[in-house]
$ cat my_file28.csv   # CSV, C-alpha atoms and all ligand atoms
chain,number,residue,atom,x,y,z
I,115,MET,CA,-28.9,-37.4,-2.7
I,116,ASP,CA,-25.3,-37.8,-1.7
I,117,HIS,CA,-22.6,-35.1,-1.7
I,118,THR,CA,-21.0,-36.2,-5.0
I,119,ASP,CA,-24.3,-35.9,-6.9
I,120,LYS,CA,-25.0,-32.6,-5.4
I,121,ILE,CA,-21.6,-31.2,-6.5
I,122,VAL,CA,-22.0,-32.6,-10.0
I,123,ARG,CA,-25.5,-31.0,-10.3
I,124,ALA,CA,-24.1,-27.7,-9.0
I,125,ARG,CA,-21.5,-27.7,-11.7
I,126,ILE,CA,-24.1,-28.3,-14.4
I,127,ALA,CA,-26.3,-25.6,-12.9
I,128,MET,CA,-23.4,-23.1,-13.0
I,129,GLN,CA,-22.9,-23.7,-16.7
I,130,LYS,CA,-26.3,-22.1,-17.4
I,131,LEU,CA,-26.3,-19.6,-14.6
I,132,CYS,CA,-22.9,-18.0,-15.0
I,133,PRO,CA,-20.4,-19.0,-17.6
I,134,PHE,CA,-17.6,-17.1,-15.9
I,135,ILE,CA,-17.9,-19.0,-12.7
I,136,TYR,CA,-18.4,-22.3,-14.6
I,137,LEU,CA,-15.0,-21.9,-16.3
I,138,ILE,CA,-13.3,-21.2,-13.0
I,139,ILE,CA,-14.9,-24.3,-11.4
I,140,THR,CA,-13.8,-26.6,-14.2
I,141,ASN,CA,-10.2,-25.5,-13.4
I,142,MET,CA,-10.5,-26.1,-9.7
I,143,ASP,CA,-9.7,-29.2,-7.7
I,144,ILE,CA,-12.8,-30.0,-5.7
I,145,LYS,CA,-12.8,-33.0,-3.4
I,146,PRO,CA,-14.4,-34.1,-0.1
I,147,TRP,CA,-12.0,-34.6,2.8
I,148,ASP,CA,-10.2,-37.8,2.5
I,149,GLY,CA,-9.2,-38.3,6.1
I,150,ARG,CA,-5.5,-37.5,5.4
I,151,ASP,CA,-6.1,-33.8,5.2
I,152,PRO,CA,-4.7,-32.3,8.4
I,153,VAL,CA,-7.1,-29.3,8.0
I,154,ARG,CA,-10.5,-30.3,9.0
I,155,HIS,CA,-13.5,-28.0,9.3
I,156,GLU,CA,-17.2,-28.6,9.4
I,157,THR,CA,-18.0,-26.8,6.1
I,158,ALA,CA,-15.5,-26.0,3.3
I,159,TRP,CA,-12.2,-24.4,2.6
I,160,VAL,CA,-10.5,-22.9,-0.5
I,161,ASP,CA,-7.0,-21.7,-1.2
I,162,ALA,CA,-5.3,-19.5,-3.8
I,163,TYR,CA,-4.2,-22.6,-5.8
I,164,GLY,CA,-7.8,-23.5,-6.6
I,165,HIS,CA,-8.2,-26.4,-4.2
I,166,MET,CA,-11.5,-26.7,-2.5
I,167,ARG,CA,-12.3,-29.3,0.2
I,168,TYR,CA,-15.6,-29.9,1.8
I,169,ALA,CA,-17.2,-31.8,4.6
I,170,PRO,CA,-19.4,-34.5,2.8
I,171,GLU,CA,-22.0,-34.5,5.6
I,172,TRP,CA,-22.4,-30.7,5.4
I,173,ILE,CA,-22.8,-30.7,1.6
I,174,ALA,CA,-25.3,-33.6,1.9
I,175,SER,CA,-27.3,-31.5,4.5
I,176,LEU,CA,-27.7,-28.5,2.2
I,177,SER,CA,-30.3,-28.0,-0.5
I,178,GLN,CA,-29.2,-28.3,-4.1
I,179,GLU,CA,-29.5,-24.5,-4.5
I,180,GLU,CA,-27.3,-23.9,-1.5
I,181,VAL,CA,-24.6,-26.4,-2.8
I,182,THR,CA,-24.6,-24.4,-6.1
I,183,GLY,CA,-24.1,-21.3,-4.0
I,184,VAL,CA,-21.2,-22.8,-2.1
I,185,LEU,CA,-19.4,-23.8,-5.2
I,186,ALA,CA,-19.9,-20.4,-6.8
I,187,HIS,CA,-18.7,-18.7,-3.6
I,188,GLU,CA,-15.4,-20.6,-3.5
I,189,ALA,CA,-14.9,-20.1,-7.3
I,190,LEU,CA,-15.4,-16.4,-6.9
I,191,HIS,CA,-12.8,-16.2,-4.1
I,192,ILE,CA,-10.3,-17.7,-6.5
I,193,ALA,CA,-11.3,-15.6,-9.5
I,194,LEU,CA,-11.3,-12.4,-7.6
I,195,GLN,CA,-8.0,-13.4,-6.0
I,196,HIS,CA,-9.3,-12.8,-2.5
I,197,VAL,CA,-6.9,-15.3,-1.0
I,198,SER,CA,-3.7,-14.0,-2.6
I,199,ARG,CA,-4.7,-10.3,-2.2
I,200,ALA,CA,-5.1,-10.4,1.6
I,201,GLY,CA,-1.7,-8.9,2.1
I,202,THR,CA,-1.1,-7.6,5.6
I,203,ARG,CA,-4.8,-6.8,6.2
I,204,ASP,CA,-6.7,-7.8,9.4
I,205,VAL,CA,-7.8,-11.3,8.6
I,206,GLU,CA,-11.3,-11.1,10.2
I,207,ALA,CA,-12.2,-7.8,8.5
I,208,TRP,CA,-10.8,-9.0,5.2
I,209,ASN,CA,-12.8,-12.3,5.4
I,210,ALA,CA,-16.0,-10.3,6.0
I,211,ALA,CA,-15.3,-8.0,3.1
I,212,VAL,CA,-14.6,-10.7,0.6
I,213,ASP,CA,-17.6,-12.8,1.7
I,214,ALA,CA,-19.8,-9.8,1.4
I,215,LYS,CA,-18.5,-9.2,-2.1
I,216,VAL,CA,-19.0,-12.8,-3.4
I,217,ASN,CA,-22.3,-13.4,-1.7
I,218,ASP,CA,-23.6,-10.1,-3.1
I,219,ILE,CA,-22.8,-11.5,-6.6
I,220,ILE,CA,-24.5,-14.8,-5.8
I,221,VAL,CA,-27.7,-13.3,-4.4
I,222,SER,CA,-27.9,-11.1,-7.5
I,223,MET,CA,-28.0,-14.1,-9.8
I,224,SER,CA,-31.3,-15.1,-11.1
I,225,GLY,CA,-31.9,-18.9,-11.1
I,226,ARG,CA,-31.6,-21.9,-8.8
I,227,ILE,CA,-28.8,-20.6,-6.5
I,228,GLN,CA,-28.8,-19.6,-2.9
I,229,CYS,CA,-26.4,-18.8,-0.1
I,230,PRO,CA,-26.6,-21.4,2.8
I,231,HIS,CA,-29.0,-20.4,5.5
I,232,ASP,CA,-28.0,-18.8,8.6
I,233,THR,CA,-27.1,-20.8,11.6
I,234,LYS,CA,-28.8,-20.3,15.0
I,235,ASP,CA,-26.1,-18.5,16.8
I,236,MET,CA,-24.7,-16.2,14.2
I,237,GLN,CA,-25.6,-14.8,10.9
I,238,TYR,CA,-23.7,-15.4,7.7
I,239,VAL,CA,-22.4,-12.5,5.7
I,240,VAL,CA,-25.1,-12.3,3.1
I,241,PRO,CA,-26.1,-8.9,1.6
I,242,GLN,CA,-29.6,-8.0,0.6
I,243,ASN,CA,-30.1,-5.4,-2.1
I,244,HIS,CA,-26.4,-4.7,-2.2
I,245,SER,CA,-26.3,-3.8,1.4
I,246,TRP,CA,-24.9,-5.6,4.4
I,247,GLY,CA,-25.2,-4.1,7.9
I,248,PRO,CA,-24.1,-0.4,7.5
I,249,PHE,CA,-22.4,-1.1,4.1
I,250,SER,CA,-24.2,-0.2,0.9
I,251,ASP,CA,-23.6,-0.3,-2.8
I,252,ILE,CA,-21.5,-3.5,-2.5
I,253,ASP,CA,-22.0,-4.1,-6.2
I,254,LYS,CA,-20.1,-0.9,-7.0
I,255,LYS,CA,-17.2,-1.5,-4.6
I,256,SER,CA,-14.1,-3.7,-4.6
I,257,ALA,CA,-13.3,-6.0,-1.7
I,258,GLU,CA,-10.5,-3.5,-0.8
I,259,GLN,CA,-13.0,-0.6,-0.6
I,260,LEU,CA,-15.4,-2.7,1.6
I,261,TYR,CA,-12.5,-3.7,3.8
I,262,ASP,CA,-11.6,0.0,4.4
I,263,GLU,CA,-15.2,0.6,5.5
I,264,ILE,CA,-15.3,-2.2,8.0
I,265,PRO,CA,-14.5,-1.0,11.5
I,266,LYS,CA,-11.2,-2.4,12.7
I,267,GLN,CA,-12.7,-2.6,16.2
I,268,LYS,CA,-14.4,-5.9,16.5
I,269,SER,CA,-17.2,-4.6,18.8
I,270,LYS,CA,-18.3,-2.2,16.0
I,271,ARG,CA,-18.6,-4.8,13.3
I,272,PRO,CA,-21.9,-6.4,12.3
I,273,LYS,CA,-22.1,-9.7,14.0
I,274,ALA,CA,-21.7,-12.1,11.1
I,275,LYS,CA,-19.4,-14.8,9.8
I,276,GLY,CA,-18.6,-16.7,6.6
I,277,TRP,CA,-19.4,-20.3,6.3
I,278,ASP,CA,-16.1,-21.2,4.7
I,279,ILE,CA,-12.4,-20.9,5.4
I,280,HIS,CA,-10.0,-18.9,3.2
I,281,LYS,CA,-6.6,-20.4,3.3
I,282,PHE,CA,-4.0,-17.7,2.7
I,283,GLY,CA,-0.9,-19.8,1.9
I,284,ASP,CA,0.3,-23.2,1.2
I,285,LYS,CA,1.8,-24.0,4.6
I,286,SER,CA,-0.7,-22.0,6.6
I,287,GLU,CA,-3.5,-23.2,8.7
I,288,PRO,CA,-6.7,-21.8,7.4
I,289,SER,CA,-7.5,-18.4,8.8
I,290,ASP,CA,-10.7,-19.1,10.6
I,291,SER,CA,-12.7,-16.1,11.6
I,292,LYS,CA,-13.1,-17.8,15.0
I,293,SER,CA,-9.4,-17.4,15.8
I,294,SER,CA,-9.5,-16.1,19.4
I,295,ASP,CA,-6.6,-13.7,19.4
I,296,GLY,CA,-7.4,-12.1,16.1
I,297,LYS,CA,-3.9,-12.7,14.9
I,298,PRO,CA,-3.2,-13.9,11.4
I,299,ASN,CA,-3.8,-17.5,12.2
I,300,GLY,CA,-0.5,-19.1,11.1
I,301,ARG,CA,-0.7,-17.2,7.9
I,302,GLN,CA,2.4,-17.4,5.8
I,303,ARG,CA,2.6,-15.4,2.7
I,304,MET,CA,3.5,-17.1,-0.5
I,305,SER,CA,6.8,-16.1,-2.0
I,306,GLN,CA,6.8,-13.3,-4.6
I,307,ARG,CA,7.6,-15.7,-7.4
I,308,GLU,CA,4.9,-18.1,-6.4
I,309,LEU,CA,2.4,-15.4,-6.2
I,310,GLU,CA,3.4,-14.1,-9.6
I,311,GLY,CA,3.0,-17.6,-11.2
I,312,LEU,CA,-0.4,-18.2,-9.6
I,313,GLU,CA,-1.7,-14.8,-10.6
I,314,ARG,CA,-0.6,-15.2,-14.2
I,315,LYS,CA,-2.3,-18.6,-14.4
I,316,TRP,CA,-5.6,-17.4,-13.0
I,317,ARG,CA,-5.5,-14.1,-14.9
I,318,GLU,CA,-5.3,-15.9,-18.2
I,319,LEU,CA,-8.3,-18.0,-17.4
I,320,ILE,CA,-10.2,-15.1,-15.9
I,321,SER,CA,-9.8,-13.0,-19.1
I,322,GLN,CA,-11.1,-15.9,-21.2
I,323,ALA,CA,-14.0,-16.5,-18.8
I,324,ALA,CA,-14.8,-12.7,-18.8
I,325,VAL,CA,-15.3,-12.9,-22.6
I,326,LEU,CA,-17.9,-15.7,-22.1
I,327,GLN,CA,-19.7,-13.7,-19.4
I,328,ARG,CA,-19.8,-10.6,-21.6
I,329,MET,CA,-21.4,-12.6,-24.4
I,330,LYS,CA,-24.1,-13.7,-22.0
I,331,GLY,CA,-24.6,-10.0,-21.2
I,332,ASP,CA,-25.3,-10.7,-17.5
I,333,ASN,CA,-23.6,-8.8,-14.8
I,334,PRO,CA,-24.8,-10.0,-11.4
I,335,GLY,CA,-23.6,-7.8,-8.5
I,336,GLY,CA,-21.1,-5.9,-10.6
I,337,LEU,CA,-19.2,-9.1,-11.5
I,338,LEU,CA,-17.8,-7.6,-14.7
I,339,GLU,CA,-16.4,-4.6,-13.0
I,340,ALA,CA,-14.9,-6.8,-10.3
I,341,ILE,CA,-13.2,-8.8,-13.0
I,342,ASP,CA,-11.9,-5.7,-14.8
I,343,GLY,CA,-10.4,-4.6,-11.5
I,344,ILE,CA,-8.5,-7.8,-11.3
I,345,LEU,CA,-7.3,-7.7,-14.9
I,346,GLN,CA,-6.1,-4.2,-14.6
I,347,ALA,CA,-3.6,-5.1,-11.8
I,348,SER,CA,-5.1,-3.9,-8.6
I,349,VAL,CA,-1.8,-3.3,-6.9
I,350,GLY,CA,0.1,-0.1,-7.5
I,351,TRP,CA,3.9,-0.5,-8.0
I,352,ARG,CA,4.6,1.5,-4.8
I,353,ASP,CA,2.6,-0.8,-2.7
I,354,LEU,CA,4.2,-3.8,-4.4
I,355,LEU,CA,7.7,-2.5,-3.8
I,356,TYR,CA,7.0,-1.5,-0.2
I,357,SER,CA,5.5,-4.9,0.6
I,358,TYR,CA,8.4,-6.5,-1.2
I,359,ILE,CA,10.9,-4.6,0.9
I,360,THR,CA,9.1,-5.1,4.2
I,361,ASN,CA,8.8,-8.8,3.5
I,362,GLU,CA,12.5,-9.1,2.7
I,363,ILE,CA,13.8,-7.2,5.7
I,364,PRO,CA,14.3,-9.6,8.6
I,365,VAL,CA,12.1,-8.8,11.5
I,366,ASP,CA,14.8,-9.1,14.1
I,367,TYR,CA,17.1,-6.9,12.2
I,368,THR,CA,19.5,-5.2,14.6
I,369,TYR,CA,22.3,-2.7,14.1
I,370,ARG,CA,25.3,-4.2,15.7
I,371,ARG,CA,27.8,-1.4,15.4
I,372,PRO,CA,27.9,1.7,13.3
I,373,SER,CA,29.8,1.2,10.1
I,374,LYS,CA,32.5,3.5,8.8
I,375,LYS,CA,30.2,4.8,6.2
I,376,SER,CA,27.6,5.9,8.8
I,377,GLY,CA,30.2,8.1,10.5
I,378,ALA,CA,30.7,10.0,7.3
I,379,CYS,CA,27.1,10.8,6.6
I,380,GLY,CA,25.7,10.9,10.1
I,381,VAL,CA,23.1,8.0,10.0
I,382,TYR,CA,23.3,4.6,11.5
I,383,LEU,CA,23.9,2.0,8.9
I,384,PRO,CA,24.3,-1.8,9.2
I,385,SER,CA,27.8,-2.8,9.9
I,386,THR,CA,28.2,-5.1,7.0
I,387,GLU,CA,27.2,-4.5,3.4
I,388,SER,CA,25.7,-8.0,3.1
I,389,GLU,CA,22.9,-6.9,5.4
I,390,LEU,CA,21.7,-4.4,2.9
I,391,LEU,CA,18.8,-4.9,0.7
I,392,ARG,CA,19.7,-3.6,-2.7
I,393,VAL,CA,17.1,-2.3,-5.1
I,394,VAL,CA,17.9,-1.3,-8.7
I,395,CYS,CA,15.4,1.0,-10.4
I,396,ALA,CA,15.8,1.5,-14.2
I,397,LEU,CA,14.3,4.5,-15.8
I,398,ASP,CA,13.6,4.1,-19.5
I,399,THR,CA,14.1,7.6,-20.9
I,400,SER,CA,13.6,6.6,-24.5
I,401,GLY,CA,9.9,6.2,-25.3
I,402,SER,CA,6.6,7.6,-24.6
I,403,ILE,CA,7.1,8.3,-20.9
I,404,SER,CA,6.7,11.9,-20.1
I,405,ARG,CA,9.3,13.9,-18.3
I,406,GLU,CA,6.8,14.5,-15.5
I,407,GLN,CA,6.2,10.7,-15.1
I,408,LEU,CA,9.9,10.1,-15.1
I,409,SER,CA,10.7,12.6,-12.4
I,410,GLN,CA,7.7,11.4,-10.3
I,411,PHE,CA,9.0,7.8,-10.5
I,412,ALA,CA,12.5,9.0,-9.7
I,413,SER,CA,11.4,10.9,-6.6
I,414,GLU,CA,9.4,7.9,-5.4
I,415,VAL,CA,12.4,5.6,-5.6
I,416,ALA,CA,14.6,8.1,-3.9
I,417,ALA,CA,12.0,8.3,-1.1
I,418,ILE,CA,12.2,4.6,-0.7
I,419,GLY,CA,15.9,4.9,-0.3
I,420,ALA,CA,15.4,7.5,2.4
I,421,THR,CA,12.6,5.6,4.2
I,422,PHE,CA,14.4,2.3,4.9
I,423,ASN,CA,17.9,2.8,6.2
I,424,ASN,CA,19.0,-0.7,5.3
I,425,VAL,CA,17.7,-0.4,1.8
I,426,GLU,CA,20.0,0.9,-0.9
I,427,VAL,CA,18.4,2.2,-4.0
I,428,THR,CA,20.3,2.6,-7.2
I,429,LEU,CA,18.6,4.5,-9.9
I,430,ILE,CA,19.9,4.2,-13.5
I,431,THR,CA,18.7,5.9,-16.6
I,432,CYS,CA,18.8,4.0,-19.8
I,433,ASP,CA,17.6,3.8,-23.4
I,434,ALA,CA,19.7,1.6,-25.7
I,435,GLN,CA,22.5,1.9,-23.1
I,436,VAL,CA,22.9,2.8,-19.4
I,437,HIS,CA,23.5,6.5,-19.0
I,438,ASP,CA,23.6,7.9,-15.4
I,439,VAL,CA,23.7,6.2,-12.0
I,440,TYR,CA,22.3,7.7,-8.8
I,441,GLU,CA,22.5,6.3,-5.3
I,442,TYR,CA,19.9,6.8,-2.7
I,443,PHE,CA,20.7,5.5,0.7
I,444,GLY,CA,19.4,6.6,4.1
I,445,ARG,CA,19.4,10.2,3.1
I,446,GLU,CA,16.7,12.8,3.2
I,447,VAL,CA,15.6,13.5,-0.3
I,448,THR,CA,13.6,16.6,-0.9
I,449,GLU,CA,14.4,17.1,-4.5
I,450,LEU,CA,16.3,15.1,-7.1
I,451,PRO,CA,19.7,16.6,-7.6
I,452,GLY,CA,20.2,17.0,-11.3
I,453,LEU,CA,18.4,14.1,-12.9
I,454,LYS,CA,19.6,14.3,-16.5
I,455,LEU,CA,17.3,12.8,-19.0
I,456,ARG,CA,19.7,12.1,-21.7
I,457,GLY,CA,18.8,9.8,-24.5
I,458,ARG,CA,15.4,9.6,-26.0
I,459,GLY,CA,16.3,6.9,-28.6
I,460,GLY,CA,15.5,3.2,-28.9
I,461,THR,CA,15.2,1.0,-25.9
I,462,ASP,CA,17.1,-2.1,-24.8
I,463,HIS,CA,17.0,-3.6,-21.4
I,464,ARG,CA,19.8,-6.1,-22.1
I,465,PRO,CA,22.5,-3.5,-21.2
I,466,VAL,CA,20.5,-2.9,-17.9
I,467,ALA,CA,20.8,-6.6,-17.0
I,468,GLU,CA,24.5,-6.6,-17.9
I,469,TRP,CA,25.1,-3.5,-15.8
I,470,ILE,CA,23.4,-5.1,-12.8
I,471,GLU,CA,25.4,-8.3,-13.3
I,472,HIS,CA,28.6,-6.4,-13.2
I,473,ASN,CA,27.8,-3.6,-10.7
I,474,ARG,CA,25.0,-4.8,-8.4
I,475,PRO,CA,25.0,-8.6,-8.7
I,476,ASP,CA,23.5,-9.0,-5.2
I,477,ALA,CA,20.5,-6.7,-5.9
I,478,CYS,CA,17.3,-8.6,-5.0
I,479,VAL,CA,14.8,-6.7,-7.0
I,480,VAL,CA,14.8,-4.6,-10.1
I,481,VAL,CA,12.0,-2.1,-10.7
I,482,ALA,CA,12.0,-1.0,-14.3
I,483,MET,CA,9.8,1.8,-15.5
I,484,THR,CA,9.2,1.5,-19.2
I,485,ASP,CA,6.7,1.6,-22.1
I,486,GLY,CA,7.7,-2.0,-22.8
I,487,TYR,CA,8.8,-1.5,-26.4
I,488,THR,CA,12.2,-2.8,-25.7
I,489,SER,CA,14.6,-5.7,-26.2
I,490,PHE,CA,14.4,-7.9,-23.1
I,491,PRO,CA,17.2,-9.8,-21.4
I,492,GLU,CA,17.1,-13.5,-21.9
I,493,ASP,CA,16.3,-14.2,-18.3
I,494,SER,CA,15.8,-12.3,-15.0
I,495,GLY,CA,19.1,-13.3,-13.4
I,496,PRO,CA,18.8,-13.8,-9.7
I,497,GLN,CA,16.6,-10.7,-9.3
I,498,ASP,CA,12.9,-10.4,-9.1
I,499,TRP,CA,11.7,-7.9,-11.6
I,500,ILE,CA,8.8,-5.5,-11.4
I,501,TRP,CA,7.9,-3.8,-14.6
I,502,VAL,CA,6.1,-0.5,-14.1
I,503,VAL,CA,4.4,0.1,-17.4
I,504,VAL,CA,2.9,3.3,-18.6
I,505,ARG,CA,-0.7,3.3,-19.7
I,506,ASP,CA,-0.2,3.1,-23.4
I,507,GLY,CA,2.7,0.7,-23.0
I,508,ALA,CA,3.1,-2.9,-24.4
I,509,GLN,CA,0.7,-5.7,-23.5
I,510,GLU,CA,1.5,-7.8,-20.5
I,511,ASP,CA,2.3,-10.9,-22.5
I,512,VAL,CA,5.4,-9.4,-24.1
I,513,PHE,CA,7.2,-9.3,-20.8
I,514,PRO,CA,9.1,-12.6,-20.6
I,515,PHE,CA,9.4,-12.6,-16.8
I,516,GLY,CA,8.6,-10.6,-13.6
I,517,ARG,CA,5.5,-8.9,-12.5
I,518,VAL,CA,3.9,-6.2,-14.6
I,519,VAL,CA,2.2,-3.3,-13.0
I,520,ARG,CA,0.4,-0.7,-15.1
I,521,ILE,CA,0.3,2.9,-14.2
I,522,THR,CA,-3.3,4.0,-14.6
Y,1,ZN,ZN,-15.8,-17.2,1.8
$ encode --input "my_file28.csv" --output "structure tokens" --more "lines below"
Ligand SMILES: [Zn+2]
Amino acid sequence: MDHTDKIVRARIAMQKLCPFIYLIITNMDIKPWDGRDPVRHETAWVDAYGHMRYAPEWIASLSQEEVTGVLAHEALHIALQHVSRAGTRDVEAWNAAVDAKVNDIIVSMSGRIQCPHDTKDMQYVVPQNHSWGPFSDIDKKSAEQLYDEIPKQKSKRPKAKGWDIHKFGDKSEPSDSKSSDGKPNGRQRMSQRELEGLERKWRELISQAAVLQRMKGDNPGGLLEAIDGILQASVGWRDLLYSYITNEIPVDYTYRRPSKKSGACGVYLPSTESELLRVVCALDTSGSISREQLSQFASEVAAIGATFNNVEVTLITCDAQVHDVYEYFGREVTELPGLKLRGRGGTDHRPVAEWIEHNRPDACVVVAMTDGYTSFPEDSGPQDWIWVVVRDGAQEDVFPFGRVVRIT
């Protein structure tokens, strides 16, 4: 049987075996290499966009059960956002963690599906009874938890590899676990906006697919919990903001000469204001956010201002209008001086956007803590927005733009 037939049969098999994976597969772009593809590999690769490419001769050499396993494996990488969630982690350890996670789900499925067999020289990452090497309870852990358990020292890791390649970004070369120097092999992170768009697209599909899977009542390898983890936004807002800031600060940033401002407050600051990264944090004091949560948020943003000395954080409090403005910039913050929580009325984020337009037009990111029961500005302006939403706040789909992170 040739590779095309095997892929078609694998799709059909998946429909019966696992409706969740089947729905993801129907939204993927699966093709053999066409010769123009600059990235060639002897097995298969997948990226965060849902592209999967495979070597026809490899697929032809596998059993039908293995081809079904390969297709499910790549679909699960996309569904569980393994490619976009890599962040700054060590590539090899991350690859091993995500392969252990998806293969554990596959080996837990009952039916005609199998992971490809081991090659002579090295074993594939395939768990047995939810264990792989020294790692157990894989079905109860997220890929991030597994990653944290994998020793960062190569010699201490179980000797195993994945059969596929996980491409971390559009322009990147695939991050092959064979990369000799262990560096992120040409990995280029997607832009924040691109990542947001992609995550939104897949999350919608994943929530639909999860409903089908629940109806079937089948939960191989903790699949349903893994899906819930994705749907409940796995990244905390602090991590998100920190990674945003560290991505935006140029690596070769140098202080040329002390500015006038730095003479006054005794710290070295960049010489021109244009080199600053401006962050605006908007604290919604109107709704269901407790005083404790508000002060916690405020001290976190103040700490960010103190951590990076070329990041200026402006904190504003708002309800239906902007009330107070605080600046945090390269200063040690032990306690927030006099954060007044005036206004516990209705909420409107349009005055916030107007305030930014007039007072901080060059801010690059806005972090807004809110319950989401507010009037939204028409558009985001030039800023990226991160909505930090309290647990009982509005549903994600009411936010017209930006990234929504829920506090759990
Ligand atoms: Zn993989």
$ residues_near_ligand --input "my_file28.csv" --ligand "ligand ZN 1 (chain Y)" --cutoff "8 Å" --atoms "only C-alpha atoms and all ligand atoms" --output "number ranges by chain"
I: 187-188, 191, 209, 212-213, 216, 276-280
$ atom_distance --input "my_file28.csv" --atom1 "atom CA of Val325 of chain I" --atom2 "atom CA of Met142 of chain I"
19.1 Å
$ atom_distance --input "my_file28.csv" --atom1 "atom CA of Pro146 of chain I" --atom2 "atom CA of Gly335 of chain I"
29.1 Å
$ residues_around --input "my_file28.csv" --residues "segment 492-508 of chain I" --least-positions-apart "6" --cutoff "6 Å" --atoms "all atoms listed in the file" --output "count of residues only"
16
$ closest_residue --input "my_file28.csv" --among "I:Gln435, I:Gln178, I:Ser256, I:Ser321" --to "Arg464 of chain I" --atoms "all atoms listed in the file"
I:Gln435
$ atom_distance --input "my_file28.csv" --atom1 "atom CA of Phe513 of chain I" --atom2 "atom CA of Ile135 of chain I"
28.1 Å
$ residues_around --input "my_file28.csv" --residues "segment 159-175 of chain I" --least-positions-apart "6" --cutoff "10 Å" --atoms "all atoms listed in the file" --output "JSON, numbers by chain"
{"I": [115, 116, 117, 118, 119, 120, 121, 138, 139, 141, 142, 143, 144, 145, 146, 147, 148, 151, 153, 181, 184, 185, 187, 188, 189, 191, 192, 193, 195, 196, 197, 198, 199, 277, 278, 279, 280, 281, 282, 283, 284, 288, 289, 290, 304, 309, 312, 313, 315, 316]}
$ write_last_selection --input "my_file28.csv" --atoms "C-alpha atoms" --output "compact mmCIF listing (two decimals), in the frame of the given file"
# COMPACT_ATOMS: atom_id res chain seq x y z
CA MET I 115 -28.90 -37.40 -2.70
CA ASP I 116 -25.30 -37.80 -1.70
CA HIS I 117 -22.60 -35.10 -1.70
CA THR I 118 -21.00 -36.20 -5.00
CA ASP I 119 -24.30 -35.90 -6.90
CA LYS I 120 -25.00 -32.60 -5.40
CA ILE I 121 -21.60 -31.20 -6.50
CA ILE I 138 -13.30 -21.20 -13.00
CA ILE I 139 -14.90 -24.30 -11.40
CA ASN I 141 -10.20 -25.50 -13.40
CA MET I 142 -10.50 -26.10 -9.70
CA ASP I 143 -9.70 -29.20 -7.70
CA ILE I 144 -12.80 -30.00 -5.70
CA LYS I 145 -12.80 -33.00 -3.40
CA PRO I 146 -14.40 -34.10 -0.10
CA TRP I 147 -12.00 -34.60 2.80
CA ASP I 148 -10.20 -37.80 2.50
CA ASP I 151 -6.10 -33.80 5.20
CA VAL I 153 -7.10 -29.30 8.00
CA VAL I 181 -24.60 -26.40 -2.80
CA VAL I 184 -21.20 -22.80 -2.10
CA LEU I 185 -19.40 -23.80 -5.20
CA HIS I 187 -18.70 -18.70 -3.60
CA GLU I 188 -15.40 -20.60 -3.50
CA ALA I 189 -14.90 -20.10 -7.30
CA HIS I 191 -12.80 -16.20 -4.10
CA ILE I 192 -10.30 -17.70 -6.50
CA ALA I 193 -11.30 -15.60 -9.50
CA GLN I 195 -8.00 -13.40 -6.00
CA HIS I 196 -9.30 -12.80 -2.50
CA VAL I 197 -6.90 -15.30 -1.00
CA SER I 198 -3.70 -14.00 -2.60
CA ARG I 199 -4.70 -10.30 -2.20
CA TRP I 277 -19.40 -20.30 6.30
CA ASP I 278 -16.10 -21.20 4.70
CA ILE I 279 -12.40 -20.90 5.40
CA HIS I 280 -10.00 -18.90 3.20
CA LYS I 281 -6.60 -20.40 3.30
CA PHE I 282 -4.00 -17.70 2.70
CA GLY I 283 -0.90 -19.80 1.90
CA ASP I 284 0.30 -23.20 1.20
CA PRO I 288 -6.70 -21.80 7.40
CA SER I 289 -7.50 -18.40 8.80
CA ASP I 290 -10.70 -19.10 10.60
CA MET I 304 3.50 -17.10 -0.50
CA LEU I 309 2.40 -15.40 -6.20
CA LEU I 312 -0.40 -18.20 -9.60
CA GLU I 313 -1.70 -14.80 -10.60
CA LYS I 315 -2.30 -18.60 -14.40
CA TRP I 316 -5.60 -17.40 -13.00
$ closest_residue --input "my_file28.csv" --among "I:Ala477, I:Leu355, I:Asp253, I:Lys215" --to "Phe422 of chain I" --atoms "all atoms listed in the file"
I:Leu355
$ closest_residue --input "my_file28.csv" --among "I:Thr431, I:Pro514, I:Arg392, I:Ala323" --to "Gly419 of chain I" --atoms "only C-alpha atoms"
I:Arg392
$ residues_around --input "my_file28.csv" --residues "Phe134 of chain I" --least-positions-apart "4" --cutoff "12 Å" --atoms "only C-alpha atoms" --output "MDAnalysis selection string"
chainID I and resid 128:130 138:141 186 189:190 192:194 319:334 337:338 341
$ residues_around --input "my_file28.csv" --residues "His463 of chain I" --least-positions-apart "6" --cutoff "10 Å" --atoms "only C-alpha atoms" --output "VMD selection string"
chain I and resid 396 398 432 to 436 469 482 484 486 to 492
$ closest_residue --input "my_file28.csv" --among "I:Ala274, I:Trp246, I:Ile264, I:Gln509" --to "Leu345 of chain I" --atoms "all atoms listed in the file"
I:Gln509
$ closest_residue --input "my_file28.csv" --among "I:Leu137, I:Ala211, I:Ala158, I:Ala127" --to "Thr182 of chain I" --atoms "only C-alpha atoms"
I:Ala127
